[in-house]
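Peer 1: What follows is start-v9.pdb, made up of PDB, C-alpha atoms and all ligand atoms:
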```pdb
ATOM      1  CA  MET A   1     -18.179  -0.096 -11.934
ATOM      2  CA  LYS A   2     -17.377  -3.731 -12.627
ATOM      3  CA  LEU A   3     -14.648  -4.787 -10.213
ATOM      4  CA  SER A   4     -12.326  -7.753 -10.053
ATOM      5  CA  ILE A   5     -10.422  -8.495  -6.830
ATOM      6  CA  PHE A   6      -6.957 -10.082  -7.000
ATOM      7  CA  GLY A   7      -5.650 -11.714  -3.819
ATOM      8  CA  ALA A   8      -9.341 -12.005  -3.005
ATOM      9  CA  THR A   9      -9.065 -14.441  -0.087
ATOM     10  CA  GLY A  10      -6.267 -12.589   1.745
ATOM     11  CA  ARG A  11      -6.740 -10.233   4.704
ATOM     12  CA  MET A  12      -7.098  -7.178   2.446
ATOM     13  CA  GLY A  13      -8.953  -9.036  -0.337
ATOM     14  CA  GLN A  14     -11.686 -10.047   2.114
ATOM     15  CA  ALA A  15     -12.071  -6.471   3.382
ATOM     16  CA  VAL A  16     -12.325  -5.168  -0.210
ATOM     17  CA  THR A  17     -14.902  -7.865  -1.044
ATOM     18  CA  ARG A  18     -17.067  -6.914   1.949
ATOM     19  CA  LEU A  19     -16.983  -3.162   1.348
ATOM     20  CA  ALA A  20     -17.283  -3.357  -2.452
ATOM     21  CA  HIS A  21     -20.333  -5.612  -2.107
ATOM     22  CA  GLU A  22     -21.982  -3.007   0.163
ATOM     23  CA  ALA A  23     -21.369  -0.208  -2.404
ATOM     24  CA  LYS A  24     -24.356   0.422  -4.667
ATOM     25  CA  ASP A  25     -22.226   1.548  -7.626
ATOM     26  CA  ILE A  26     -19.976  -1.540  -7.694
ATOM     27  CA  GLN A  27     -20.526  -5.007  -9.076
ATOM     28  CA  ILE A  28     -17.909  -7.641  -8.206
ATOM     29  CA  VAL A  29     -17.334  -9.650 -11.391
ATOM     30  CA  GLY A  30     -14.182 -11.585 -10.548
ATOM     31  CA  ALA A  31     -12.227 -12.944  -7.573
ATOM     32  CA  ILE A  32      -8.732 -14.272  -8.192
ATOM     33  CA  SER A  33      -6.446 -16.142  -5.837
ATOM     34  CA  ALA A  34      -3.277 -18.218  -5.994
ATOM     35  CA  PRO A  35      -3.153 -21.708  -7.501
ATOM     36  CA  GLY A  36      -3.287 -24.038  -4.496
ATOM     37  CA  ASP A  37      -5.450 -21.725  -2.363
ATOM     38  CA  PRO A  38      -7.871 -24.072  -0.525
ATOM     39  CA  SER A  39     -10.651 -21.505  -1.124
ATOM     40  CA  LEU A  40     -10.571 -21.944  -4.934
ATOM     41  CA  GLY A  41     -14.087 -22.743  -6.172
ATOM     42  CA  ARG A  42     -15.762 -21.254  -3.072
ATOM     43  CA  ASP A  43     -17.968 -18.185  -3.284
ATOM     44  CA  VAL A  44     -15.829 -15.122  -2.480
ATOM     45  CA  GLY A  45     -18.631 -13.630  -0.347
ATOM     46  CA  GLU A  46     -18.624 -16.735   1.839
ATOM     47  CA  VAL A  47     -14.846 -16.509   2.217
ATOM     48  CA  ALA A  48     -15.267 -12.869   3.308
ATOM     49  CA  GLY A  49     -18.019 -13.794   5.784
ATOM     50  CA  ILE A  50     -20.929 -12.010   4.040
ATOM     51  CA  GLY A  51     -22.652 -15.016   2.467
ATOM     52  CA  SER A  52     -22.865 -16.007  -1.175
ATOM     53  CA  ILE A  53     -22.608 -13.214  -3.770
ATOM     54  CA  GLY A  54     -22.451 -15.467  -6.843
ATOM     55  CA  VAL A  55     -18.729 -15.028  -7.646
ATOM     56  CA  GLU A  56     -16.398 -18.021  -7.388
ATOM     57  CA  VAL A  57     -12.756 -17.699  -6.371
ATOM     58  CA  SER A  58     -10.627 -18.719  -9.356
ATOM     59  CA  ALA A  59      -6.905 -19.021 -10.086
ATOM     60  CA  ASP A  60      -7.538 -18.222 -13.768
ATOM     61  CA  VAL A  61      -6.419 -14.586 -14.151
ATOM     62  CA  ASP A  62      -7.935 -14.053 -17.612
ATOM     63  CA  ALA A  63     -11.300 -15.487 -16.546
ATOM     64  CA  GLY A  64     -11.230 -13.426 -13.334
ATOM     65  CA  LEU A  65     -10.591 -10.195 -15.262
ATOM     66  CA  MET A  66     -13.310 -10.886 -17.851
ATOM     67  CA  GLY A  67     -15.762  -7.963 -17.998
ATOM     68  CA  ALA A  68     -13.883  -5.965 -15.329
ATOM     69  CA  ASP A  69     -13.324  -2.193 -15.626
ATOM     70  CA  VAL A  70     -10.934  -2.104 -12.674
ATOM     71  CA  VAL A  71      -8.998  -4.634 -10.597
ATOM     72  CA  ILE A  72      -7.981  -4.007  -6.979
ATOM     73  CA  GLU A  73      -4.973  -6.064  -5.958
ATOM     74  CA  PHE A  74      -3.421  -6.717  -2.552
ATOM     75  CA  SER A  75      -1.321  -9.844  -3.094
ATOM     76  CA  SER A  76       2.409 -10.525  -3.314
ATOM     77  CA  THR A  77       5.347  -9.249  -5.350
ATOM     78  CA  LYS A  78       5.655 -12.702  -6.968
ATOM     79  CA  ALA A  79       2.120 -12.441  -8.359
ATOM     80  CA  VAL A  80       2.125  -8.797  -9.486
ATOM     81  CA  PRO A  81       4.090  -8.940 -12.820
ATOM     82  CA  ALA A  82       1.793 -11.560 -14.402
ATOM     83  CA  LEU A  83      -1.316  -9.707 -13.221
ATOM     84  CA  PHE A  84      -0.054  -6.408 -14.652
ATOM     85  CA  THR A  85       0.718  -8.053 -18.008
ATOM     86  CA  ALA A  86      -2.816  -9.500 -18.144
ATOM     87  CA  CYS A  87      -4.376  -6.104 -17.245
ATOM     88  CA  ARG A  88      -2.293  -4.350 -19.897
ATOM     89  CA  LYS A  89      -3.425  -6.802 -22.561
ATOM     90  CA  ARG A  90      -7.082  -6.523 -21.523
ATOM     91  CA  GLY A  91      -7.073  -2.757 -20.873
ATOM     92  CA  VAL A  92      -8.246  -3.157 -17.261
ATOM     93  CA  ALA A  93      -7.460  -0.216 -14.935
ATOM     94  CA  VAL A  94      -5.524  -1.148 -11.777
ATOM     95  CA  VAL A  95      -5.467  -0.169  -8.113
ATOM     96  CA  SER A  96      -2.378  -1.788  -6.652
ATOM     97  CA  GLY A  97      -1.660  -2.005  -2.922
ATOM     98  CA  THR A  98       1.064  -4.657  -2.706
ATOM     99  CA  THR A  99       4.160  -3.256  -0.997
ATOM    100  CA  ASN A 100       7.922  -3.535  -1.422
ATOM    101  CA  PHE A 101       7.957  -3.874  -5.206
ATOM    102  CA  ASP A 102      11.095  -5.529  -6.614
ATOM    103  CA  ALA A 103      12.688  -4.800 -10.020
ATOM    104  CA  ASP A 104      10.301  -7.166 -11.875
ATOM    105  CA  CYS A 105       7.247  -5.467 -10.351
ATOM    106  CA  ARG A 106       8.593  -1.998 -11.175
ATOM    107  CA  LYS A 107       9.271  -2.973 -14.786
ATOM    108  CA  ALA A 108       5.750  -4.429 -15.088
ATOM    109  CA  LEU A 109       4.329  -1.242 -13.521
ATOM    110  CA  ASP A 110       6.202   0.937 -16.034
ATOM    111  CA  GLU A 111       4.822  -1.066 -18.949
ATOM    112  CA  LEU A 112       1.326  -1.098 -17.454
ATOM    113  CA  GLN A 113       1.019   2.631 -16.782
ATOM    114  CA  ALA A 114       1.985   3.403 -20.383
ATOM    115  CA  GLN A 115      -1.265   1.748 -21.498
ATOM    116  CA  VAL A 116      -3.819   1.870 -18.670
ATOM    117  CA  PRO A 117      -4.514   4.140 -15.680
ATOM    118  CA  VAL A 118      -3.003   2.821 -12.433
ATOM    119  CA  VAL A 119      -3.135   3.951  -8.809
ATOM    120  CA  TRP A 120      -0.210   2.447  -6.902
ATOM    121  CA  ALA A 121       0.034   3.268  -3.215
ATOM    122  CA  PRO A 122       1.907   1.499  -0.425
ATOM    123  CA  ASN A 123      -0.692   2.942   1.941
ATOM    124  CA  MET A 124      -4.247   3.679   0.805
ATOM    125  CA  SER A 125      -5.234   5.800   3.814
ATOM    126  CA  ARG A 126      -5.796   9.546   3.778
ATOM    127  CA  GLY A 127      -4.077   9.792   7.151
ATOM    128  CA  VAL A 128      -0.728   8.477   5.917
ATOM    129  CA  GLN A 129      -0.823  10.799   2.903
ATOM    130  CA  VAL A 130      -1.372  13.715   5.287
ATOM    131  CA  LEU A 131       1.342  12.395   7.628
ATOM    132  CA  ALA A 132       3.822  12.414   4.722
ATOM    133  CA  GLU A 133       2.839  16.019   3.934
ATOM    134  CA  VAL A 134       3.175  16.997   7.623
ATOM    135  CA  VAL A 135       6.624  15.365   7.834
ATOM    136  CA  GLU A 136       7.809  17.402   4.837
ATOM    137  CA  HIS A 137       6.382  20.601   6.332
ATOM    138  CA  ALA A 138       7.889  19.940   9.785
ATOM    139  CA  MET A 139      11.312  19.124   8.368
ATOM    140  CA  ARG A 140      11.367  22.305   6.282
ATOM    141  CA  ARG A 141      10.473  24.366   9.367
ATOM    142  CA  LEU A 142      12.845  22.575  11.756
ATOM    143  CA  GLY A 143      15.870  22.443   9.473
ATOM    144  CA  ALA A 144      18.749  20.018   9.258
ATOM    145  CA  ASP A 145      19.611  20.214  12.988
ATOM    146  CA  PHE A 146      16.813  17.748  13.718
ATOM    147  CA  ASP A 147      17.608  14.039  13.290
ATOM    148  CA  VAL A 148      14.993  11.860  11.568
ATOM    149  CA  GLU A 149      14.219   8.244  12.500
ATOM    150  CA  ILE A 150      11.223   6.082  11.558
ATOM    151  CA  VAL A 151       9.646   3.261  13.575
ATOM    152  CA  GLU A 152       6.919   0.981  12.204
ATOM    153  CA  VAL A 153       4.968  -1.700  14.096
ATOM    154  CA  HIS A 154       3.007  -4.498  12.381
ATOM    155  CA  HIS A 155       1.308  -7.813  13.182
ATOM    156  CA  ARG A 156       3.353 -10.995  13.555
ATOM    157  CA  ARG A 157       2.294 -12.387  10.150
ATOM    158  CA  LYS A 158       3.646  -9.518   8.036
ATOM    159  CA  VAL A 159       6.259 -10.985   5.680
ATOM    160  CA  ASP A 160       8.094  -7.887   4.407
ATOM    161  CA  SER A 161      10.183  -5.282   6.191
ATOM    162  CA  PRO A 162      10.359  -2.350   6.388
ATOM    163  CA  SER A 163       6.727  -1.647   5.575
ATOM    164  CA  GLY A 164       5.925   0.077   2.288
ATOM    165  CA  THR A 165       4.517   2.940   4.327
ATOM    166  CA  ALA A 166       7.809   3.392   6.195
ATOM    167  CA  VAL A 167       9.577   3.537   2.823
ATOM    168  CA  ARG A 168       6.986   6.079   1.654
ATOM    169  CA  LEU A 169       7.674   8.236   4.751
ATOM    170  CA  ALA A 170      11.446   7.911   4.264
ATOM    171  CA  ASP A 171      10.942   9.141   0.672
ATOM    172  CA  ALA A 172       8.995  12.137   2.034
ATOM    173  CA  ALA A 173      11.890  12.943   4.395
ATOM    174  CA  ARG A 174      14.408  12.656   1.564
ATOM    175  CA  LYS A 175      12.397  15.118  -0.535
ATOM    176  CA  VAL A 176      13.368  17.754   2.029
ATOM    177  CA  ARG A 177      16.807  16.303   2.913
ATOM    178  CA  PRO A 178      18.162  14.513  -0.204
ATOM    179  CA  ASP A 179      21.441  14.057   1.694
ATOM    180  CA  LEU A 180      19.880  11.519   4.091
ATOM    181  CA  SER A 181      21.055   7.948   3.656
ATOM    182  CA  GLU A 182      18.715   5.238   4.879
ATOM    183  CA  LEU A 183      19.801   2.557   7.380
ATOM    184  CA  ARG A 184      17.682  -0.508   8.114
ATOM    185  CA  GLY A 185      18.093  -0.600  11.914
ATOM    186  CA  ARG A 186      21.419  -0.553  13.764
ATOM    187  CA  ASP A 187      23.435  -3.430  15.166
ATOM    188  CA  GLY A 188      26.813  -3.741  16.885
ATOM    189  CA  ASP A 189      29.596  -1.200  17.187
ATOM    190  CA  VAL A 190      28.105   1.314  14.757
ATOM    191  CA  GLY A 191      29.636   4.455  16.273
ATOM    192  CA  ALA A 192      27.887   7.743  16.963
ATOM    193  CA  ARG A 193      25.044   8.793  14.714
ATOM    194  CA  THR A 194      26.050  10.949  11.763
ATOM    195  CA  LYS A 195      23.977  13.944  10.599
ATOM    196  CA  ASP A 196      23.119  12.401   7.256
ATOM    197  CA  GLU A 197      21.702   9.058   8.413
ATOM    198  CA  MET A 198      18.061   8.096   8.892
ATOM    199  CA  ALA A 199      17.295   4.658  10.322
ATOM    200  CA  VAL A 200      14.074   2.718   9.783
ATOM    201  CA  PHE A 201      13.088   0.136  12.430
ATOM    202  CA  GLY A 202      10.490  -2.636  12.024
ATOM    203  CA  VAL A 203       8.783  -4.027  15.129
ATOM    204  CA  ARG A 204       6.693  -7.218  14.660
ATOM    205  CA  GLY A 205       4.123  -8.827  16.922
ATOM    206  CA  GLY A 206       0.528  -9.374  17.936
ATOM    207  CA  ASP A 207      -2.285  -8.194  15.696
ATOM    208  CA  VAL A 208      -1.153  -4.599  15.092
ATOM    209  CA  ILE A 209      -2.642  -3.449  11.754
ATOM    210  CA  GLY A 210       0.054  -0.795  11.259
ATOM    211  CA  ASP A 211       1.597   2.024  13.330
ATOM    212  CA  HIS A 212       4.161   4.478  11.956
ATOM    213  CA  THR A 213       6.042   7.132  13.899
ATOM    214  CA  VAL A 214       8.433   9.647  12.398
ATOM    215  CA  HIS A 215      10.726  10.952  15.159
ATOM    216  CA  LEU A 216      12.205  14.416  14.631
ATOM    217  CA  LEU A 217      14.856  14.723  17.303
ATOM    218  CA  GLY A 218      16.441  18.043  18.176
ATOM    219  CA  ASP A 219      18.381  19.478  21.109
ATOM    220  CA  SER A 220      16.064  19.907  24.151
ATOM    221  CA  GLU A 221      12.922  19.036  22.152
ATOM    222  CA  ARG A 222      11.516  16.398  19.845
ATOM    223  CA  LEU A 223       8.442  15.732  17.747
ATOM    224  CA  GLU A 224       6.849  12.297  17.322
ATOM    225  CA  LEU A 225       4.437  12.260  14.394
ATOM    226  CA  THR A 226       2.332   9.087  14.517
ATOM    227  CA  HIS A 227      -0.307   7.401  12.392
ATOM    228  CA  ARG A 228      -2.121   4.336  13.751
ATOM    229  CA  ALA A 229      -4.400   2.147  11.633
ATOM    230  CA  THR A 230      -6.979   0.390  13.798
ATOM    231  CA  ASN A 231      -8.895  -1.519  11.125
ATOM    232  CA  ARG A 232      -8.027  -2.953   7.688
ATOM    233  CA  ASP A 233     -11.263  -1.497   6.299
ATOM    234  CA  LEU A 234      -9.383   1.813   6.220
ATOM    235  CA  PHE A 235      -7.146   0.565   3.385
ATOM    236  CA  ALA A 236     -10.014  -1.207   1.613
ATOM    237  CA  ARG A 237     -12.081   2.005   1.624
ATOM    238  CA  GLY A 238      -9.075   3.906   0.240
ATOM    239  CA  ALA A 239      -8.613   1.314  -2.513
ATOM    240  CA  ILE A 240     -12.301   1.519  -3.468
ATOM    241  CA  SER A 241     -12.112   5.344  -3.657
ATOM    242  CA  ALA A 242      -9.006   4.929  -5.820
ATOM    243  CA  ALA A 243     -10.906   2.513  -8.087
ATOM    244  CA  ARG A 244     -13.698   5.075  -8.568
ATOM    245  CA  PHE A 245     -11.049   7.735  -9.288
ATOM    246  CA  VAL A 246      -9.042   5.686 -11.802
ATOM    247  CA  LEU A 247     -12.034   4.563 -13.856
ATOM    248  CA  GLY A 248     -11.999   6.417 -17.180
ATOM    249  CA  LYS A 249      -8.717   8.260 -16.519
ATOM    250  CA  GLU A 250      -5.989   8.573 -19.153
ATOM    251  CA  PRO A 251      -3.213   5.953 -18.963
ATOM    252  CA  GLY A 252      -0.597   6.884 -16.366
ATOM    253  CA  LEU A 253       0.522   6.405 -12.784
ATOM    254  CA  TYR A 254      -1.597   8.117 -10.125
ATOM    255  CA  THR A 255      -1.108   8.423  -6.363
ATOM    256  CA  ILE A 256      -3.326   8.748  -3.306
ATOM    257  CA  ALA A 257      -2.495  12.460  -3.368
ATOM    258  CA  ASP A 258      -4.175  12.580  -6.825
ATOM    259  CA  VAL A 259      -7.190  10.668  -5.480
ATOM    260  CA  LEU A 260      -7.492  13.096  -2.533
ATOM    261  CA  SER A 261      -7.245  16.168  -4.754
ATOM    262  CA  SER A 262      -9.932  14.975  -7.175
TER     263      SER A 262
HETATM  264  N1  LIG B 301      -1.394  -0.311   0.285
HETATM  265  C1  LIG B 301      -1.996  -0.511   1.463
HETATM  266  O1  LIG B 301      -2.715   0.348   1.982
HETATM  267  C2  LIG B 301      -1.827  -1.848   2.125
HETATM  268  C3  LIG B 301      -2.549  -2.170   3.288
HETATM  269  C4  LIG B 301      -2.421  -3.453   3.820
HETATM  270  C5  LIG B 301      -1.586  -4.388   3.204
HETATM  271  N2  LIG B 301      -0.878  -4.022   2.107
HETATM  272  C6  LIG B 301      -0.031  -4.967   1.369
HETATM  273  O2  LIG B 301      -0.885  -5.792   0.576
HETATM  274  C7  LIG B 301      -0.274  -7.060   0.408
HETATM  275  C8  LIG B 301      -1.231  -8.156   0.884
HETATM  276  O3  LIG B 301      -1.471  -7.979   2.271
HETATM  277  P1  LIG B 301      -2.470  -8.946   3.057
HETATM  278  O4  LIG B 301      -2.315  -8.569   4.489
HETATM  279  O5  LIG B 301      -3.832  -8.938   2.445
HETATM  280  O6  LIG B 301      -1.736 -10.359   2.799
HETATM  281  P2  LIG B 301      -2.374 -11.804   2.719
HETATM  282  O7  LIG B 301      -3.441 -11.973   3.737
HETATM  283  O8  LIG B 301      -1.225 -12.755   2.723
HETATM  284  O9  LIG B 301      -3.089 -11.829   1.274
HETATM  285  C9  LIG B 301      -2.402 -11.930   0.079
HETATM  286  C10 LIG B 301      -3.253 -12.788  -0.830
HETATM  287  O10 LIG B 301      -2.676 -12.793  -2.144
HETATM  288  C11 LIG B 301      -2.796 -14.139  -2.606
HETATM  289  N3  LIG B 301      -1.881 -14.461  -3.683
HETATM  290  C12 LIG B 301      -0.579 -14.862  -3.607
HETATM  291  N4  LIG B 301      -0.131 -15.189  -4.842
HETATM  292  C13 LIG B 301      -1.168 -15.004  -5.690
HETATM  293  C14 LIG B 301      -1.333 -15.207  -7.102
HETATM  294  N5  LIG B 301      -0.344 -15.662  -7.871
HETATM  295  N6  LIG B 301      -2.533 -14.935  -7.650
HETATM  296  C15 LIG B 301      -3.543 -14.479  -6.894
HETATM  297  N7  LIG B 301      -3.458 -14.289  -5.551
HETATM  298  C16 LIG B 301      -2.276 -14.542  -4.974
HETATM  299  C17 LIG B 301      -2.511 -14.980  -1.374
HETATM  300  O11 LIG B 301      -2.969 -16.322  -1.570
HETATM  301  P3  LIG B 301      -2.212 -17.518  -0.747
HETATM  302  O12 LIG B 301      -2.333 -17.162   0.695
HETATM  303  O13 LIG B 301      -2.985 -18.742  -1.145
HETATM  304  O14 LIG B 301      -0.791 -17.498  -1.228
HETATM  305  C18 LIG B 301      -3.329 -14.238  -0.326
HETATM  306  O15 LIG B 301      -4.668 -14.673  -0.318
HETATM  307  C19 LIG B 301       1.054  -6.993   1.172
HETATM  308  O16 LIG B 301       2.072  -6.601   0.277
HETATM  309  C20 LIG B 301       0.805  -5.888   2.187
HETATM  310  O17 LIG B 301       2.002  -5.271   2.646
HETATM  311  C21 LIG B 301      -0.991  -2.784   1.561
END
```
Please re-express this file's structure in structure tokens.
Ligand SMILES: NC(=O)c1ccc[n+]([C@@H]2O[C@H](COP(=O)([O-])OP(=O)(O)OC[C@H]3O[C@@H](n4cnc5c(N)ncnc54)[C@H](OP(=O)(O)O)[C@@H]3O)[C@@H](O)[C@H]2O)c1
Peer 2:
Amino acid sequence: MKLSIFGATGRMGQAVTRLAHEAKDIQIVGAISAPGDPSLGRDVGEVAGIGSIGVEVSADVDAGLMGADVVIEFSSTKAVPALFTACRKRGVAVVSGTTNFDADCRKALDELQAQVPVVWAPNMSRGVQVLAEVVEHAMRRLGADFDVEIVEVHHRRKVDSPSGTAVRLADAARKVRPDLSELRGRDGDVGARTKDEMAVFGVRGGDVIGDHTVHLLGDSERLELTHRATNRDLFARGAISAARFVLGKEPGLYTIADVLSS
């Protein structure tokens, strides 16, 4: 598999570079970063701390996608629409991990998946997929008497809130309880909790990679269902598995659940 990495010098891009370079079935053919990134022109392996691998970091998207079967991207919502347009034109399959897509990203994703296969996942780990399934199961068994609240904790440099994973877990809860309306925290004289609300809280600090707890709160008992990521390699490994999965698939939008069931 010939792989291009978009957002190659970021925290996730470096992890993908390291793990993809170790994989015998993958050749890194492109490494793309933002115009103005001080690492432009450097070897992407050196940026990732594994020594030179003969691929320069470039801001030229078309050049970086040249010869690629698949691109893995962990970047920013501002960068995603242009990347997706370039992949659609070149027929490059996409594994997309950027979170909190806005309307422009969603439109670009719709257009992209009509022409190439795409895995889009706000969390690439198996554990979070299973957590979402467990939340659905628990809520069905516990019924509507249990209140649902979600707490996520991330490192101090995370720029978006709530995390894409928290949104993913809220979506899982709403599959069982479509009546739930989502609050982003609580502040001031908000009154007693109503049965149909579900608040999501974002805690920021330190170097926490990502913790998510879904609280199911009943009378006299409660469940706290938690996933903790302890290393970014977890998401990079998930993205690489998704890249292997998506290669050669029909155009369309695939999820981590599809990757796990393959
Ligand atoms: N799905 C998952 O499992 C998962 C896991 C972890 C993180 N994420 C998400 O992935 C995204 C990136 O996270 P991160 O921690 O790796 O952030 P990061 O360290 O800030 O990396 C993002 C990289 O994208 C680059 N970038 C920005 N604009 C670009 C452009 N126009 N073209 C090419 N590259 C561009 C940035 O370059 P500059 O710094 O020069 O701007 C930076 O190197 C976030 O949305 C995060 O929430 C998802």
Peer 1: For range 192-200 of chain A, list every protein, DNA or RNA residue within 12 Å, evaluated using only C-alpha atoms, and leave out those in the same chain fewer than 3 positions away; present the list as a VMD selection string.
Peer 2: chain A and resid 143 to 153 161 to 171 173 to 174 177 to 189 203 212 to 218
Peer 1: Give me the result of the PyMOL selection byres (((chain A and resi 234) around 12) and not hetatm) on this file, residue by residue, as a list in words.
Peer 2: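 This file gives the following for the PyMOL selection byres (((chain A and resi 234) around 12) and not hetatm): Met12, Ala15, Val16, Leu19, Asn123, Met124, Ser125, Arg126, Gly127, Val128, Ile209, Gly210, Arg228, Ala229, Thr230, Asn231, Arg232, Asp233, Phe235, Ala236, Arg237, Gly238, Ala239, Ile240 and Ser241 of chain A.
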Peer 1: Go through A:Ala243, A:Val29, A:Val208, A:Val176 and flag the residue nearest Val135 in chain A, using all atoms listed in the file for the distances.
Peer 2: A:Val176
Peer 1: Expand the PyMOL selection byres (((chain A and resi 106) around 12) and not hetatm) into the individual residues it matches in the shown file, reporting them as a PDB file with C-alpha atoms, keeping the file's coordinate frame.
Peer 2:
```pdb
ATOM      1  CA  THR A  77       5.347  -9.249  -5.350  1.00  0.00           C
ATOM      2  CA  LYS A  78       5.655 -12.702  -6.968  1.00  0.00           C
ATOM      3  CA  VAL A  80       2.125  -8.797  -9.486  1.00  0.00           C
ATOM      4  CA  PRO A  81       4.090  -8.940 -12.820  1.00  0.00           C
ATOM      5  CA  PHE A  84      -0.054  -6.408 -14.652  1.00  0.00           C
ATOM      6  CA  SER A  96      -2.378  -1.788  -6.652  1.00  0.00           C
ATOM      7  CA  THR A  98       1.064  -4.657  -2.706  1.00  0.00           C
ATOM      8  CA  THR A  99       4.160  -3.256  -0.997  1.00  0.00           C
ATOM      9  CA  ASN A 100       7.922  -3.535  -1.422  1.00  0.00           C
ATOM     10  CA  PHE A 101       7.957  -3.874  -5.206  1.00  0.00           C
ATOM     11  CA  ASP A 102      11.095  -5.529  -6.614  1.00  0.00           C
ATOM     12  CA  ALA A 103      12.688  -4.800 -10.020  1.00  0.00           C
ATOM     13  CA  ASP A 104      10.301  -7.166 -11.875  1.00  0.00           C
ATOM     14  CA  CYS A 105       7.247  -5.467 -10.351  1.00  0.00           C
ATOM     15  CA  LYS A 107       9.271  -2.973 -14.786  1.00  0.00           C
ATOM     16  CA  ALA A 108       5.750  -4.429 -15.088  1.00  0.00           C
ATOM     17  CA  LEU A 109       4.329  -1.242 -13.521  1.00  0.00           C
ATOM     18  CA  ASP A 110       6.202   0.937 -16.034  1.00  0.00           C
ATOM     19  CA  GLU A 111       4.822  -1.066 -18.949  1.00  0.00           C
ATOM     20  CA  LEU A 112       1.326  -1.098 -17.454  1.00  0.00           C
ATOM     21  CA  GLN A 113       1.019   2.631 -16.782  1.00  0.00           C
ATOM     22  CA  TRP A 120      -0.210   2.447  -6.902  1.00  0.00           C
ATOM     23  CA  LEU A 253       0.522   6.405 -12.784  1.00  0.00           C
TER      24      LEU A 253
END
```
Peer 1: My list of candidates is A:Val94, A:Leu40, A:Ala138, A:Ala8. Which is closest to ligand LIG 301 (chain B) when distances are computed with all atoms listed in the file?
Peer 2: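 Looking only at the distances to ligand LIG 301 (chain B), the closest residue turns out to be A:Ala8.
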Peer 1: By how many Å are atom P2 of ligand LIG 301 (chain B) and CA of Lys249 in chain A apart?
Peer 2: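 CA of Lys249 in chain A lies at a distance of 28.5 Å from atom P2 of ligand LIG 301 (chain B).
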Peer 1: Rounded to one decimal in Å, what is the spacing between CA of Gly30 in chain A and CA of Ile50 in chain A?
Peer 2: 16.1 Å
Peer 1: So which one's closest to ligand LIG 301 (chain B), A:Phe201, A:Tyr254, A:Phe245, A:Phe74? Using all atoms listed in the file, please.
Peer 2: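 Nearest to ligand LIG 301 (chain B): A:Phe74.
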Peer 1: Quick check, in Å to one decimal: how far apart do atom C8 of ligand LIG 301 (chain B) and CA of Val159 in chain A lie?
Peer 2: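 Atom C8 of ligand LIG 301 (chain B) sits 9.3 Å away from CA of Val159 in chain A.
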Peer 1: Using only C-alpha atoms and all ligand atoms, can you tell me which of A:Val118, A:Leu247, A:Ile256, A:Ile53 comes closest to ligand LIG 301 (chain B)?
Peer 2: A:Ile256
Peer 1: Could you list the residues chosen by the PyMOL selection byres (((chain A and resi 60) around 12) and not hetatm) in this structure as a ChimeraX atom specification?
Peer 2: /A:6,30-36,40-41,56-59,61-66,82-83,86
Peer 1: Using all atoms listed in the file, find the one residue out of A:Met139, A:Ala79, A:Ala48, A:Val190 that sits nearest to ligand LIG 301 (chain B).
Peer 2: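 Among the listed residues, A:Ala79 lies closest to ligand LIG 301 (chain B).
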Peer 1: Which residue out of A:Ala242, A:Thr9, A:Ser262, A:His21 has the minimum interatomic distance to Ile72 in chain A when all atoms listed in the file are used?
Peer 2: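 The shortest atom-to-atom distance to Ile72 in chain A comes from A:Ala242.
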Peer 1: Hey, could you pull the box centre and edge lengths for ligand LIG 301 (chain B), axis-aligned, 3 Å padding per side, all listed atoms, to one decimal in Å, as lines of an AutoDock Vina configuration file?
Peer 2:
```
center_x = -1.3
center_y = -9.2
center_z = -1.7
size_x = 12.7
size_y = 25.1
size_z = 18.4
```
